[in-house]
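Only one structure is covered here, and it is reproduced in the block below.
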Amino acid sequence: GMNFHYKHYPLEYFLDAMVRYECKNIELWGASPHFYVDELTLQDIKNIKREIDRRNLSVVCFTPEQCVYPINLAAKEDSIRERSIQYFIKSAEAAKELEAPLLLVTPGWGYENEDKKEAWKRTRDSLERLSAVSGELGLTLALEPLTRVESNIINDAKSLKAMLEEVNSPFLKGMIDTIPM
């Protein structure tokens, strides 16, 4: 179960629903008002983890919002890309607190009027940095291809495989979301 589908309810309602439906494993979507990392303190995260544990649930993946907020691992502007990397580092630290083994990431996007190879390199460099952090924290990054509307970098299994090979980290794995597939 994923709280994305409960975004118009409080987080506790989602957690209680997972218990009612006998779901033991959850994917936690990191967005306001439930779990937006830029709004949470370490104590807030610990309190939410306590609520998850109280219901005997396990977070199997933390998916910070990255398609709506100003997050872009391929941003041409250094300040946007660096802010995005720091957002994912904070998200990785939150995933560690949640005892989630996976942190979902997406490739970002490049400008439509620039050489795709340049945006590809920026994504690769960002993923290399984040893979190193994930390794230090004992996490695995799950890289999700996006639809062409969302990204012009990784949109299929072939480009996903190519990125995984270039980054070449045991802490970066590919995943396919069956909805856009």
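Each chain in the structure tokens gets a letter, A, B and so on, in the order shown; residues start at 1 in every chain, and ligands are counted from 1 in the order they appear.
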Find the residues of range 43-110 of chain A that sit at most 6 Å from range 120-144 of chain A; for each, write down the nearest two atoms and how far apart they are in Å, to one decimal. Count only C-alpha atoms. Sort by chain, then by number going up, and give it as a tab-separated table.
```
residue	atom	partner	partner_atom	distance
A:Leu73	CA	A:Thr123	CA	5.4
A:Ala74	CA	A:Thr123	CA	4.6
A:Pro101	CA	A:Leu139	CA	5.2
A:Leu102	CA	A:Thr140	CA	5.0
A:Leu103	CA	A:Leu141	CA	4.9
A:Leu104	CA	A:Ala142	CA	4.6
A:Val105	CA	A:Leu143	CA	5.0
A:Thr106	CA	A:Glu144	CA	5.2
A:Pro107	CA	A:Thr123	CA	5.9
```
| field | Members of chain A assigned strand (DSSP E) by DSSP, as number ranges by chain | value | A: 25-30, 58-64, 102-105, 140-143, 172-174
| request: Write out as number ranges by chain each polymer residue whose atoms come within 10 Å of Pro64 in chain A, counting only C-alpha atoms; drop sequence neighbours fewer than 2 positions from it. | output: A: 28-31, 35-37, 61-62, 66-67, 69, 87-88, 90-92, 94-95, 103-105
Take the selection from the previous step and output its residues with C-alpha atoms, as a PDB file, in the first residue's frame.
```
ATOM      1  CA  LEU A  28       5.802   5.829   2.006  1.00  0.00           C
ATOM      2  CA  TRP A  29       5.344   8.737  -0.397  1.00  0.00           C
ATOM      3  CA  GLY A  30       7.226  11.723   0.935  1.00  0.00           C
ATOM      4  CA  ALA A  31       4.949  14.665   0.355  1.00  0.00           C
ATOM      5  CA  PHE A  35       6.069  13.138   5.159  1.00  0.00           C
ATOM      6  CA  TYR A  36       7.760  15.959   3.263  1.00  0.00           C
ATOM      7  CA  VAL A  37      11.367  15.731   4.473  1.00  0.00           C
ATOM      8  CA  CYS A  61      10.428   1.883   0.076  1.00  0.00           C
ATOM      9  CA  PHE A  62      10.581   5.601   0.713  1.00  0.00           C
ATOM     10  CA  GLN A  66      10.267  14.497  -7.005  1.00  0.00           C
ATOM     11  CA  CYS A  67       8.010  15.169  -9.959  1.00  0.00           C
ATOM     12  CA  TYR A  69       8.404  19.908  -6.311  1.00  0.00           C
ATOM     13  CA  TYR A  87      17.049  16.812  -0.882  1.00  0.00           C
ATOM     14  CA  PHE A  88      17.781  13.193  -1.779  1.00  0.00           C
ATOM     15  CA  LYS A  90      18.073  14.158   3.454  1.00  0.00           C
ATOM     16  CA  SER A  91      15.556  11.671   2.046  1.00  0.00           C
ATOM     17  CA  ALA A  92      18.135   8.885   2.326  1.00  0.00           C
ATOM     18  CA  ALA A  94      14.959   9.698   6.530  1.00  0.00           C
ATOM     19  CA  ALA A  95      14.743   6.305   4.808  1.00  0.00           C
ATOM     20  CA  LEU A 103      14.838   4.933  -1.754  1.00  0.00           C
ATOM     21  CA  LEU A 104      13.120   5.649  -5.062  1.00  0.00           C
ATOM     22  CA  VAL A 105      14.755   8.152  -7.434  1.00  0.00           C
TER      23      VAL A 105
END
```
| query | Contacts of Ile52 in chain A at 12 Å or less, counting only C-alpha atoms, minus same-chain residues fewer than 4 places along, as a PyMOL selection string? | reply | chain A and resi 11-19+24-28+45-48+56-60+97-100
| task | Identify, with DSSP run on backbone atoms, the residues in range 3-57 of chain A assigned to helix (DSSP H, G or I), and express the list as a VMD selection string. | result | chain A and resid 3 to 6 11 to 20 37 to 39 42 to 54
| remark: Of A:Pro10, A:Pro145, A:Pro70, A:Gly110, the one sitting nearest Ser159 in chain A when using only C-alpha atoms is A:Pro145
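Relative to CA of Asn72 in chain A, CA of Ala119 in chain A is found at 10.4 Å.
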